Amino acid sequence: MKLLRQTYLLLRKDLVLELRRRESLLTMFFFGTLLLFVFHFAFDLVPEKVTEMTPALLWLAFLFTGTLGLTQLFEAERTNHCLDALLLSPMDRGALFLAKTCFNIILMVAVEIVVVPLFWILFNLRSWEAVPLLLGVAFLGTIGFCVLGTLLSGVTLKARARELLLPLVLFPLMVPVILATIRCMEAILRNGNMGDALPWLRLLLGFDVIFVTVGILIFDWTIDV
Amino acid sequence: MPSGLALQLTARDLSKAYGLRWALRDLNLDLVPGECVALLGPNGAGKTTLLKLLAGLIYPTRGDIRLNGVQLSRSSTELRSTIGFLTPGEHLYENLTVRENLDFFTALYNKNHSLVAIARALEEVELTNWSQEYVSALSSGMKFRLSIAKWQLLEVGLLLLDEPYGVLDGSGINLLEAFLKSQCEKGNVVVIASHHIARVLQLCTRALILHLGKLTFDEPRRQPWDSFERAFADFLPHGGP
Amino acid sequence: MQATVPKNRKGYLGALALILVIVGLYWGLIHAPPDAYQGNAQRIMYLHIPSILTAYLSFFLVFVGSCLYLWKREKRDDILAHSAAEIGVLFTALTIVEGSIWGKPTWGVWWTWDARLTLTAILLLIFVGYLMLRSLIEEESRAASAAAILGIIGFLDIPLIHMSVYWWRTLHQPPSILRPDKAPWDNIHPAMLTALAINFVAFILLYFYLLSLRFRLGEMTEEIKTRRMDRGR
């Protein structure tokens with residue numbers, strides 16, 4: 001199908017460019033790690049406090065790191081007016097949306113896979129068996145974040161102060177994802193499984209499905225020369 | 001030997017405003033296959049705006065553009081595969097190689113992107129030895145030749161050029177003009193916006209002059225061309241191209 | 001631009017709104033009996049509930065305007081969305097202040113993170129983000145499209161935000177009118193219900209009056225712009 005083929009082409013191009021320069025990946029990476037240190041100093045994290053604060057701290061770190069990724073999302077298209085080249089072409093705008101969303105998801109997941117174990121090491125947590133499920137929930141939350149983030153990134157491309165504007169409009173809309181992901185993570189750390197947090201999981205999935213669909217449909221109007 | 005797409009372009013009451021300023025007003029234009037049109041006028045006359053409207057990069061405030069009767073709008077992704085836009089130095093990814101750029105765009109446009117086709121295109125613009133180099137390593141003249149190779153491979157029916165002559169040396173100019181001639185012979189439409197009047201007029205079959213957003217002159221080329229010289233003299237400090 | 005709402009009709013609307021607001025205030029603040037548990041502090045509810053409903057109505061209008069604008073690209077729809085957002089900010093901020101005024105005698109604090117107040121605060125943030133987006137994009141039509149997208153996304157997100165915040169916080173009293181097991185009028189003294197109904201209508205009328213004024217302002221601005229552009233022919 002044309003949409004998937006073009007999405008694949010665009011995503012491959014972004015991944016090739018990223019692997020060559022590694023600008024986004026490295027900055028996001030170090031920023032995520034830096035935040036863990038800042039949290040330690042800011043919250044004076046003693047072992048008793050850490051476990052209950054883990055989901056919130058992790059998700060805060062991911063939110064800020066992800067926002068960093070979002071502001072650089074269309075960087076490759078900025079030089080030589082390459083965005084014009086794409087808009088000029090018979091590219092389905094939905095494909096650009098999917099490709100950029102997937103790209104940001106990949107970057108964030110790469111950071112999460114390293115930051116979560118790092119968190120466990122730095123703060124001497126023992127519950128290693130919870131990590132895979134935790135990463136799974138983080139992945140669902142990341143999808144929601146990247147979907148809305150890409151939509152709004154496209155919308156704010158030509159706005160002044162866009163690095164400040166993007167979080168300002170994005171964060172209030174992220175409330176369901178933030179609440180749902182953290183509640184699920186808490187349940188996992190408490191019980192080892194989802195348990196009573198199932199409704200939250202459903203909410204998260206619903207959010208992801210709704211906004212991926214909406215995104216594909218309306219991305220055409222968000223992106224303009 | 002027309003083998004191109006036989007595109008006919010019609011623009012009616014085409015107008016574009018930026019904020020409070022009209023960049024283009026009530027423009028009417030008909031382009032037929034095989035034409036090579038020179039788009040002339042002083043800076044700020046609206047040439048780039050017109051080219052971008054024809055390319056479907058921006059949308060008119062009033063009026064519409066039709067290609068073979070089909071309106072060019074937000075949803076016309078199919079029509080877009082028939083339109084090319086060439087500006088020196090643009091629309092190329094600096095951190096991809098020459099070959100990767102061609103590969104990417106030909107795949108995006110769903111055109112033939114076999115190694116053979118790409119190699120042949122690079123040969124025609126004399127960039128074969130640079131195929132594995134990053135675009136950032138190329139000079140502006142070479143980037144332009146790469147752009148020509150790109151549009152050659154993408155097989156469009158309408159080619160719009162914005163100030164192509166600035167970056168080219170002698171051999172580059174010959175390459176460009178040979179390319180454009182072959183496009184017109186295939187039956188494609190070419191529109192060139194340029195300040196290099198002498199060269200452009202030699203190439204073109206028709207001249208348009210834009211002034212303050214309005215089309216003030218539109219005639220097929222003839223020899224001698226007194227009406228053109230009169231119309232154009234209005235813009236030059238001492239008259240004469 | 002031809003005025004959508006004629007001037008004299010706006011005048012009648014305004015006068016009616018004013019009368020009803022005065023009647024509603026009297027009924028709510030003086031006539032209706034004080035609440036059994038909360039005393040006179042409860043009276044702020046006569047203003048708080050209608051204004052929160054108007055705030056949500058406002059966002060719905062932003063949504064409608066945004067959808068219409070993306071579909072038809074008519075300037076009027078964009079003016080509707082923009083006006084609804086501006087008046088909406090006003091009513092949302094009002095709701096928060098009223099909620100706070102109620103909170104102080106009832107809970108002893110100016111602010112608490114209960115569901116209703118939090119939701120209203122989030123709504124305010126979304127409205128503010130919408131208006132900031134509009135002001136930070138320079139080209140008019142792009143700003144209008146961008147705002148329309150945000151309006152649609154925001155509106156679709158609100159039910160999800162609602163659900164998530166309510167699940168998270170259940171310490172705000174259950175809405176005393178909308179108890180599922182009893183009919184709305186069984187819980188409340190009839191005079192209180194009347195007061196609420198009057199104020200509700202009053203607020204809606206007031207909202208639409210202000211909206212029509214703001215809308216007309218938008219139309220006139222557009223008219224001035226069109227004339228200035230046509231002059232440069």
# chains A, B, ... in the order shown; residues from 1 in each chain; ligands from 1
$ interface_residues --of "chain C" --to "chain A" --cutoff "6 Å" --atoms "only C-alpha atoms" --output "list in words"
Gly129, Leu136, Ile137, Ala146, Ile161 and Ser164 of chain C
$ residues_around --residues "segment 77-94 of chain B" --least-positions-apart "3" --cutoff "8 Å" --atoms "only C-alpha atoms" --output "ChimeraX atom specification"
/A:76-77,79-85,88-92 /B:5,55-56,67,72,74,97,101,109,134-136,140,143-144,147,151,155-164,167
$ residues_around --residues "Ala95 of chain A" --least-positions-apart "3" --cutoff "8 Å" --atoms "only C-alpha atoms" --output "list in words"
Leu3, Leu4, Gln6, Thr7, Leu10, Met91, Asp92, Leu98, Ala99 and Ile216 of chain A
$ residues_around --residues "Ile143 of chain A" --least-positions-apart "2" --cutoff "12 Å" --atoms "only C-alpha atoms" --output "VMD selection string"
chain A and resid 62 to 63 66 98 100 to 109 136 to 141 145 to 150 174 177 to 178 181 204 to 212
$ write_last_selection --atoms "N, CA and C atoms" --output "mmCIF file, in the first residue's frame"
data_model
loop_
_atom_site.group_PDB
_atom_site.id
_atom_site.type_symbol
_atom_site.label_atom_id
_atom_site.label_comp_id
_atom_site.auth_asym_id
_atom_site.auth_seq_id
_atom_site.Cartn_x
_atom_site.Cartn_y
_atom_site.Cartn_z
ATOM 1 N N PHE A 62 11.295 10.910 30.760
ATOM 2 C CA PHE A 62 10.944 10.599 29.372
ATOM 3 C C PHE A 62 10.238 11.761 28.710
ATOM 4 N N LEU A 63 9.360 12.432 29.462
ATOM 5 C CA LEU A 63 8.629 13.571 28.907
ATOM 6 C C LEU A 63 9.577 14.653 28.412
ATOM 7 N N GLY A 66 11.705 13.385 25.546
ATOM 8 C CA GLY A 66 10.891 13.290 24.347
ATOM 9 C C GLY A 66 10.617 14.650 23.720
ATOM 10 N N LEU A 98 3.223 9.458 9.973
ATOM 11 C CA LEU A 98 3.577 8.145 10.527
ATOM 12 C C LEU A 98 5.090 7.987 10.648
ATOM 13 N N LYS A 100 7.481 10.292 10.905
ATOM 14 C CA LYS A 100 8.070 11.128 11.952
ATOM 15 C C LYS A 100 7.695 10.616 13.334
ATOM 16 N N THR A 101 6.451 10.158 13.475
ATOM 17 C CA THR A 101 6.014 9.606 14.763
ATOM 18 C C THR A 101 6.848 8.379 15.104
ATOM 19 N N CYS A 102 6.974 7.457 14.141
ATOM 20 C CA CYS A 102 7.772 6.247 14.382
ATOM 21 C C CYS A 102 9.212 6.603 14.707
ATOM 22 N N PHE A 103 9.737 7.591 14.009
ATOM 23 C CA PHE A 103 11.115 7.996 14.238
ATOM 24 C C PHE A 103 11.304 8.457 15.680
ATOM 25 N N ASN A 104 10.394 9.305 16.148
ATOM 26 C CA ASN A 104 10.505 9.789 17.514
ATOM 27 C C ASN A 104 10.311 8.661 18.523
ATOM 28 N N ILE A 105 9.391 7.738 18.202
ATOM 29 C CA ILE A 105 9.170 6.591 19.087
ATOM 30 C C ILE A 105 10.459 5.784 19.197
ATOM 31 N N ILE A 106 11.091 5.524 18.053
ATOM 32 C CA ILE A 106 12.335 4.738 18.062
ATOM 33 C C ILE A 106 13.393 5.424 18.917
ATOM 34 N N LEU A 107 13.546 6.736 18.741
ATOM 35 C CA LEU A 107 14.539 7.457 19.538
ATOM 36 C C LEU A 107 14.231 7.352 21.029
ATOM 37 N N MET A 108 12.951 7.571 21.374
ATOM 38 C CA MET A 108 12.590 7.548 22.791
ATOM 39 C C MET A 108 12.753 6.162 23.380
ATOM 40 N N VAL A 109 12.359 5.128 22.626
ATOM 41 C CA VAL A 109 12.500 3.759 23.130
ATOM 42 C C VAL A 109 13.974 3.431 23.348
ATOM 43 N N GLY A 136 7.301 -2.103 28.646
ATOM 44 C CA GLY A 136 6.147 -2.288 27.771
ATOM 45 C C GLY A 136 5.123 -1.185 27.944
ATOM 46 N N VAL A 137 4.825 -0.855 29.197
ATOM 47 C CA VAL A 137 3.866 0.224 29.463
ATOM 48 C C VAL A 137 4.431 1.559 29.000
ATOM 49 N N ALA A 138 5.723 1.758 29.259
ATOM 50 C CA ALA A 138 6.368 3.001 28.814
ATOM 51 C C ALA A 138 6.251 3.137 27.299
ATOM 52 N N PHE A 139 6.338 2.007 26.608
ATOM 53 C CA PHE A 139 6.225 2.024 25.152
ATOM 54 C C PHE A 139 4.854 2.540 24.721
ATOM 55 N N LEU A 140 3.796 2.063 25.382
ATOM 56 C CA LEU A 140 2.448 2.529 25.038
ATOM 57 C C LEU A 140 2.302 4.018 25.308
ATOM 58 N N GLY A 141 2.860 4.464 26.425
ATOM 59 C CA GLY A 141 2.803 5.881 26.739
ATOM 60 C C GLY A 141 3.601 6.698 25.744
ATOM 61 N N PHE A 145 2.518 9.908 23.406
ATOM 62 C CA PHE A 145 3.278 11.146 23.434
ATOM 63 C C PHE A 145 3.752 11.536 22.034
ATOM 64 N N CYS A 146 4.308 10.585 21.320
ATOM 65 C CA CYS A 146 4.886 10.894 20.003
ATOM 66 C C CYS A 146 3.810 11.230 18.985
ATOM 67 N N VAL A 147 2.666 10.574 19.087
ATOM 68 C CA VAL A 147 1.594 10.851 18.134
ATOM 69 C C VAL A 147 1.123 12.301 18.274
ATOM 70 N N LEU A 148 0.738 12.690 19.487
ATOM 71 C CA LEU A 148 0.295 14.072 19.687
ATOM 72 C C LEU A 148 1.433 15.044 19.445
ATOM 73 N N GLY A 149 2.616 14.652 19.877
ATOM 74 C CA GLY A 149 3.776 15.528 19.731
ATOM 75 C C GLY A 149 4.095 15.815 18.278
ATOM 76 N N THR A 150 4.013 14.786 17.430
ATOM 77 C CA THR A 150 4.313 14.995 16.011
ATOM 78 C C THR A 150 3.263 15.892 15.375
ATOM 79 N N MET A 174 -1.564 15.946 27.288
ATOM 80 C CA MET A 174 -0.925 14.674 27.623
ATOM 81 C C MET A 174 -1.396 14.115 28.951
ATOM 82 N N VAL A 177 -2.357 10.435 29.235
ATOM 83 C CA VAL A 177 -1.231 9.515 29.059
ATOM 84 C C VAL A 177 -0.356 9.497 30.306
ATOM 85 N N ILE A 178 -0.085 10.678 30.845
ATOM 86 C CA ILE A 178 0.766 10.754 32.038
ATOM 87 C C ILE A 178 0.128 9.981 33.189
ATOM 88 N N THR A 181 -0.110 6.039 32.356
ATOM 89 C CA THR A 181 1.169 5.337 32.378
ATOM 90 C C THR A 181 1.712 5.207 33.789
ATOM 91 N N LEU A 204 -5.155 4.064 28.023
ATOM 92 C CA LEU A 204 -3.932 4.359 27.283
ATOM 93 C C LEU A 204 -4.010 3.837 25.843
ATOM 94 N N LEU A 205 -4.470 2.594 25.722
ATOM 95 C CA LEU A 205 -4.611 2.013 24.384
ATOM 96 C C LEU A 205 -5.608 2.809 23.548
ATOM 97 N N GLY A 206 -6.725 3.172 24.203
ATOM 98 C CA GLY A 206 -7.734 3.960 23.497
ATOM 99 C C GLY A 206 -7.161 5.276 22.999
ATOM 100 N N PHE A 207 -6.403 5.941 23.861
ATOM 101 C CA PHE A 207 -5.768 7.200 23.484
ATOM 102 C C PHE A 207 -4.897 7.010 22.254
ATOM 103 N N ASP A 208 -4.053 5.987 22.291
ATOM 104 C CA ASP A 208 -3.130 5.730 21.180
ATOM 105 C C ASP A 208 -3.892 5.504 19.882
ATOM 106 N N VAL A 209 -4.890 4.634 19.943
ATOM 107 C CA VAL A 209 -5.632 4.310 18.717
ATOM 108 C C VAL A 209 -6.346 5.541 18.154
ATOM 109 N N ILE A 210 -7.019 6.277 19.042
ATOM 110 C CA ILE A 210 -7.766 7.458 18.583
ATOM 111 C C ILE A 210 -6.847 8.451 17.894
ATOM 112 N N PHE A 211 -5.715 8.761 18.533
ATOM 113 C CA PHE A 211 -4.909 9.837 17.975
ATOM 114 C C PHE A 211 -4.019 9.415 16.818
ATOM 115 N N VAL A 212 -3.705 8.131 16.703
ATOM 116 C CA VAL A 212 -3.008 7.701 15.480
ATOM 117 C C VAL A 212 -3.949 7.884 14.290
#
$ atom_distance --atom1 "atom CA of Ala148 of chain C" --atom2 "atom CA of Gly65 of chain C"
7.7 Å
$ closest_atom_pairs --of "chain B" --to "chain C" --cutoff "9 Å" --atoms "only C-alpha atoms" --output "JSON lines"
{"residue": "B:Ala17", "atom": "CA", "partner": "C:Met229", "partner_atom": "CA", "distance": 8.6}
{"residue": "B:Tyr18", "atom": "CA", "partner": "C:Glu139", "partner_atom": "CA", "distance": 7.2}
{"residue": "B:Gly19", "atom": "CA", "partner": "C:Glu139", "partner_atom": "CA", "distance": 6.3}
{"residue": "B:Leu20", "atom": "CA", "partner": "C:Met229", "partner_atom": "CA", "distance": 5.5}
{"residue": "B:Arg21", "atom": "CA", "partner": "C:Met229", "partner_atom": "CA", "distance": 6.4}
{"residue": "B:Trp22", "atom": "CA", "partner": "C:Met229", "partner_atom": "CA", "distance": 7.2}
{"residue": "B:Arg25", "atom": "CA", "partner": "C:Arg233", "partner_atom": "CA", "distance": 8.1}
$ residues_around --residues "segment 184-193 of chain B" --least-positions-apart "4" --cutoff "9 Å" --atoms "only C-alpha atoms" --output "PDB file with N, CA and C atoms, in the first residue's frame"
ATOM      1  N   MET B   1       9.423  14.451 -30.929  1.00  0.00           N
ATOM      2  CA  MET B   1       8.726  13.187 -30.673  1.00  0.00           C
ATOM      3  C   MET B   1       8.134  13.223 -29.261  1.00  0.00           C
ATOM      4  N   PRO B   2       6.932  13.715 -29.183  1.00  0.00           N
ATOM      5  CA  PRO B   2       6.327  13.854 -27.850  1.00  0.00           C
ATOM      6  C   PRO B   2       6.140  12.493 -27.187  1.00  0.00           C
ATOM      7  N   SER B   3       6.797  12.348 -26.046  1.00  0.00           N
ATOM      8  CA  SER B   3       6.556  11.134 -25.267  1.00  0.00           C
ATOM      9  C   SER B   3       6.241  11.521 -23.826  1.00  0.00           C
ATOM     10  N   GLY B   4       6.105  12.809 -23.623  1.00  0.00           N
ATOM     11  CA  GLY B   4       5.843  13.314 -22.263  1.00  0.00           C
ATOM     12  C   GLY B   4       4.382  13.168 -21.879  1.00  0.00           C
ATOM     13  N   LEU B   5       3.986  13.952 -20.885  1.00  0.00           N
ATOM     14  CA  LEU B   5       2.666  13.759 -20.287  1.00  0.00           C
ATOM     15  C   LEU B   5       1.592  14.637 -20.896  1.00  0.00           C
ATOM     16  N   ALA B   6       1.940  15.454 -21.897  1.00  0.00           N
ATOM     17  CA  ALA B   6       0.965  16.324 -22.558  1.00  0.00           C
ATOM     18  C   ALA B   6       0.113  17.092 -21.551  1.00  0.00           C
ATOM     19  N   LEU B   7       0.788  17.856 -20.707  1.00  0.00           N
ATOM     20  CA  LEU B   7       0.062  18.603 -19.684  1.00  0.00           C
ATOM     21  C   LEU B   7      -0.404  19.947 -20.205  1.00  0.00           C
ATOM     22  N   GLN B   8      -1.661  20.243 -19.891  1.00  0.00           N
ATOM     23  CA  GLN B   8      -2.160  21.581 -20.186  1.00  0.00           C
ATOM     24  C   GLN B   8      -2.491  22.256 -18.879  1.00  0.00           C
ATOM     25  N   LEU B   9      -1.946  23.441 -18.685  1.00  0.00           N
ATOM     26  CA  LEU B   9      -2.177  24.152 -17.430  1.00  0.00           C
ATOM     27  C   LEU B   9      -3.043  25.375 -17.680  1.00  0.00           C
ATOM     28  N   LEU B  31      -1.037  27.313 -20.440  1.00  0.00           N
ATOM     29  CA  LEU B  31       0.198  26.719 -20.933  1.00  0.00           C
ATOM     30  C   LEU B  31      -0.129  25.429 -21.662  1.00  0.00           C
ATOM     31  N   VAL B  32       0.496  25.224 -22.822  1.00  0.00           N
ATOM     32  CA  VAL B  32       0.233  24.012 -23.599  1.00  0.00           C
ATOM     33  C   VAL B  32       1.501  23.185 -23.742  1.00  0.00           C
ATOM     34  N   PRO B  33       1.351  21.891 -24.046  1.00  0.00           N
ATOM     35  CA  PRO B  33       2.527  21.021 -24.137  1.00  0.00           C
ATOM     36  C   PRO B  33       3.572  21.546 -25.112  1.00  0.00           C
ATOM     37  N   GLY B  34       4.840  21.364 -24.737  1.00  0.00           N
ATOM     38  CA  GLY B  34       5.935  21.734 -25.623  1.00  0.00           C
ATOM     39  C   GLY B  34       6.375  23.178 -25.477  1.00  0.00           C
ATOM     40  N   GLU B  35       5.680  23.964 -24.636  1.00  0.00           N
ATOM     41  CA  GLU B  35       6.069  25.364 -24.492  1.00  0.00           C
ATOM     42  C   GLU B  35       7.255  25.537 -23.584  1.00  0.00           C
ATOM     43  N   CYS B  36       8.075  26.548 -23.905  1.00  0.00           N
ATOM     44  CA  CYS B  36       9.142  26.924 -23.001  1.00  0.00           C
ATOM     45  C   CYS B  36       8.938  28.400 -22.716  1.00  0.00           C
ATOM     46  N   VAL B  37       8.560  28.707 -21.492  1.00  0.00           N
ATOM     47  CA  VAL B  37       8.127  30.061 -21.164  1.00  0.00           C
ATOM     48  C   VAL B  37       9.146  30.776 -20.298  1.00  0.00           C
ATOM     49  N   ALA B  38       9.470  32.011 -20.684  1.00  0.00           N
ATOM     50  CA  ALA B  38      10.365  32.831 -19.865  1.00  0.00           C
ATOM     51  C   ALA B  38       9.506  33.697 -18.956  1.00  0.00           C
ATOM     52  N   LEU B  39       9.789  33.667 -17.651  1.00  0.00           N
ATOM     53  CA  LEU B  39       9.037  34.476 -16.692  1.00  0.00           C
ATOM     54  C   LEU B  39       9.964  35.577 -16.198  1.00  0.00           C
ATOM     55  N   LEU B  40       9.646  36.802 -16.590  1.00  0.00           N
ATOM     56  CA  LEU B  40      10.564  37.904 -16.305  1.00  0.00           C
ATOM     57  C   LEU B  40       9.897  38.966 -15.455  1.00  0.00           C
ATOM     58  N   GLY B  41      10.713  39.831 -14.910  1.00  0.00           N
ATOM     59  CA  GLY B  41      10.179  40.929 -14.115  1.00  0.00           C
ATOM     60  C   GLY B  41      11.150  41.297 -13.017  1.00  0.00           C
ATOM     61  N   LYS B  47       7.345  36.559  -9.186  1.00  0.00           N
ATOM     62  CA  LYS B  47       7.733  35.404 -10.002  1.00  0.00           C
ATOM     63  C   LYS B  47       7.812  34.132  -9.173  1.00  0.00           C
ATOM     64  N   THR B  48       8.515  34.215  -8.017  1.00  0.00           N
ATOM     65  CA  THR B  48       8.641  33.025  -7.184  1.00  0.00           C
ATOM     66  C   THR B  48       7.287  32.597  -6.644  1.00  0.00           C
ATOM     67  N   LEU B  51       5.521  30.726  -9.374  1.00  0.00           N
ATOM     68  CA  LEU B  51       6.086  29.384  -9.542  1.00  0.00           C
ATOM     69  C   LEU B  51       5.630  28.454  -8.426  1.00  0.00           C
ATOM     70  N   VAL B 156       8.846  14.397 -15.068  1.00  0.00           N
ATOM     71  CA  VAL B 156       7.672  15.244 -14.844  1.00  0.00           C
ATOM     72  C   VAL B 156       7.184  15.851 -16.148  1.00  0.00           C
ATOM     73  N   GLY B 157       5.963  16.396 -16.121  1.00  0.00           N
ATOM     74  CA  GLY B 157       5.408  17.000 -17.324  1.00  0.00           C
ATOM     75  C   GLY B 157       5.509  18.517 -17.311  1.00  0.00           C
ATOM     76  N   LEU B 158       5.661  19.087 -16.091  1.00  0.00           N
ATOM     77  CA  LEU B 158       5.768  20.541 -15.955  1.00  0.00           C
ATOM     78  C   LEU B 158       7.002  20.819 -15.116  1.00  0.00           C
ATOM     79  N   LEU B 159       7.931  21.564 -15.672  1.00  0.00           N
ATOM     80  CA  LEU B 159       9.161  21.854 -14.940  1.00  0.00           C
ATOM     81  C   LEU B 159       9.257  23.355 -14.700  1.00  0.00           C
ATOM     82  N   LEU B 160       9.382  23.730 -13.426  1.00  0.00           N
ATOM     83  CA  LEU B 160       9.453  25.134 -13.055  1.00  0.00           C
ATOM     84  C   LEU B 160      10.841  25.439 -12.514  1.00  0.00           C
ATOM     85  N   LEU B 161      11.509  26.433 -13.083  1.00  0.00           N
ATOM     86  CA  LEU B 161      12.860  26.759 -12.640  1.00  0.00           C
ATOM     87  C   LEU B 161      12.925  28.182 -12.101  1.00  0.00           C
ATOM     88  N   ASP B 162      13.541  28.337 -10.943  1.00  0.00           N
ATOM     89  CA  ASP B 162      13.646  29.647 -10.319  1.00  0.00           C
ATOM     90  C   ASP B 162      15.105  30.094 -10.303  1.00  0.00           C
ATOM     91  N   GLU B 163      15.435  31.043 -11.165  1.00  0.00           N
ATOM     92  CA  GLU B 163      16.787  31.591 -11.251  1.00  0.00           C
ATOM     93  C   GLU B 163      17.865  30.516 -11.395  1.00  0.00           C
ATOM     94  N   PRO B 164      17.817  29.726 -12.463  1.00  0.00           N
ATOM     95  CA  PRO B 164      18.806  28.652 -12.599  1.00  0.00           C
ATOM     96  C   PRO B 164      20.191  29.130 -12.983  1.00  0.00           C
ATOM     97  N   PHE B 179      19.166  19.916 -21.554  1.00  0.00           N
ATOM     98  CA  PHE B 179      18.120  19.234 -20.789  1.00  0.00           C
ATOM     99  C   PHE B 179      16.752  19.853 -21.056  1.00  0.00           C
ATOM    100  N   LEU B 180      16.691  21.186 -21.007  1.00  0.00           N
ATOM    101  CA  LEU B 180      15.407  21.861 -21.188  1.00  0.00           C
ATOM    102  C   LEU B 180      14.880  21.674 -22.610  1.00  0.00           C
ATOM    103  N   VAL B 200      17.798  33.362 -21.608  1.00  0.00           N
ATOM    104  CA  VAL B 200      16.458  32.795 -21.472  1.00  0.00           C
ATOM    105  C   VAL B 200      15.637  33.001 -22.742  1.00  0.00           C
ATOM    106  N   CYS B 204      13.520  30.255 -25.115  1.00  0.00           N
ATOM    107  CA  CYS B 204      12.079  30.176 -24.934  1.00  0.00           C
ATOM    108  C   CYS B 204      11.231  30.505 -26.130  1.00  0.00           C
TER     109      CYS B 204
END
$ residues_around --residues "Phe30 of chain A" --least-positions-apart "4" --cutoff "12 Å" --atoms "only C-alpha atoms" --output "list in words"
Glu23, Ser24, Leu25, Leu26, Leu34, Leu35, Leu36, Phe37, Ala61, Phe62, Phe64, Thr65, Leu68, Val111, Glu112, Val114, Val115 and Leu118 of chain A
$ write_last_selection --atoms "N, CA and C atoms" --output "compact mmCIF listing (two decimals), in the first residue's frame"
# COMPACT_ATOMS: atom_id res chain seq x y z
N GLU A 23 22.96 13.11 16.29
CA GLU A 23 22.75 14.33 17.07
C GLU A 23 21.60 14.17 18.05
N SER A 24 20.45 13.79 17.53
CA SER A 24 19.27 13.69 18.40
C SER A 24 19.46 12.61 19.44
N LEU A 25 19.90 11.46 19.00
CA LEU A 25 19.99 10.32 19.89
C LEU A 25 20.92 10.61 21.08
N LEU A 26 22.09 11.15 20.78
CA LEU A 26 23.04 11.40 21.85
C LEU A 26 22.57 12.48 22.81
N LEU A 34 21.22 12.87 32.62
CA LEU A 34 21.44 14.05 33.43
C LEU A 34 20.27 14.30 34.37
N LEU A 35 19.05 14.09 33.84
CA LEU A 35 17.87 14.31 34.66
C LEU A 35 17.85 13.40 35.87
N LEU A 36 18.31 12.15 35.68
CA LEU A 36 18.33 11.23 36.83
C LEU A 36 19.20 11.80 37.95
N PHE A 37 20.33 12.38 37.56
CA PHE A 37 21.20 12.99 38.57
C PHE A 37 20.53 14.19 39.23
N ALA A 61 11.35 12.11 33.28
CA ALA A 61 12.57 12.09 32.47
C ALA A 61 12.23 11.85 31.00
N PHE A 62 11.30 10.91 30.76
CA PHE A 62 10.94 10.60 29.37
C PHE A 62 10.24 11.76 28.71
N PHE A 64 10.54 15.01 29.27
CA PHE A 64 11.45 16.10 28.89
C PHE A 64 12.38 15.67 27.77
N THR A 65 12.84 14.43 27.85
CA THR A 65 13.71 13.92 26.78
C THR A 65 12.94 13.86 25.47
N LEU A 68 12.55 17.17 23.85
CA LEU A 68 13.80 17.52 23.17
C LEU A 68 13.83 16.91 21.78
N VAL A 111 16.30 5.46 24.16
CA VAL A 111 16.70 6.12 25.40
C VAL A 111 16.12 5.39 26.61
N GLU A 112 14.84 4.99 26.51
CA GLU A 112 14.19 4.34 27.66
C GLU A 112 14.86 3.02 28.01
N VAL A 114 17.82 2.23 27.88
CA VAL A 114 19.05 2.45 28.63
C VAL A 114 18.76 3.13 29.96
N VAL A 115 17.88 4.13 29.98
CA VAL A 115 17.64 4.90 31.19
C VAL A 115 17.00 4.08 32.30
N LEU A 118 19.48 1.91 34.00
CA LEU A 118 20.40 2.84 34.65
C LEU A 118 19.80 3.35 35.97
$ residues_around --residues "Ser83 of chain C" --least-positions-apart "6" --cutoff "8 Å" --atoms "only C-alpha atoms" --output "ChimeraX atom specification"
/C:211,214-215,218
$ write_last_selection --atoms "N, CA and C atoms" --output "PDB file, in the first residue's frame"
ATOM      1  N   LEU C 211     -20.248  36.696  23.302  1.00  0.00           N
ATOM      2  CA  LEU C 211     -19.721  36.050  22.094  1.00  0.00           C
ATOM      3  C   LEU C 211     -20.098  36.834  20.848  1.00  0.00           C
ATOM      4  N   ARG C 214     -17.918  39.927  20.569  1.00  0.00           N
ATOM      5  CA  ARG C 214     -16.556  39.597  20.160  1.00  0.00           C
ATOM      6  C   ARG C 214     -16.524  39.160  18.697  1.00  0.00           C
ATOM      7  N   PHE C 215     -17.574  38.440  18.310  1.00  0.00           N
ATOM      8  CA  PHE C 215     -17.661  37.966  16.937  1.00  0.00           C
ATOM      9  C   PHE C 215     -17.762  39.146  15.974  1.00  0.00           C
ATOM     10  N   GLY C 218     -14.522  40.731  15.454  1.00  0.00           N
ATOM     11  CA  GLY C 218     -13.720  39.956  14.506  1.00  0.00           C
ATOM     12  C   GLY C 218     -14.138  40.248  13.067  1.00  0.00           C
TER      13      GLY C 218
END
$ select_by_dssp --residues "segment 42-197 of chain C" --states "alpha helix (DSSP H)" --output "VMD selection string"
chain C and resid 45 to 72 75 to 107 115 to 136 140 to 168 190 to 197
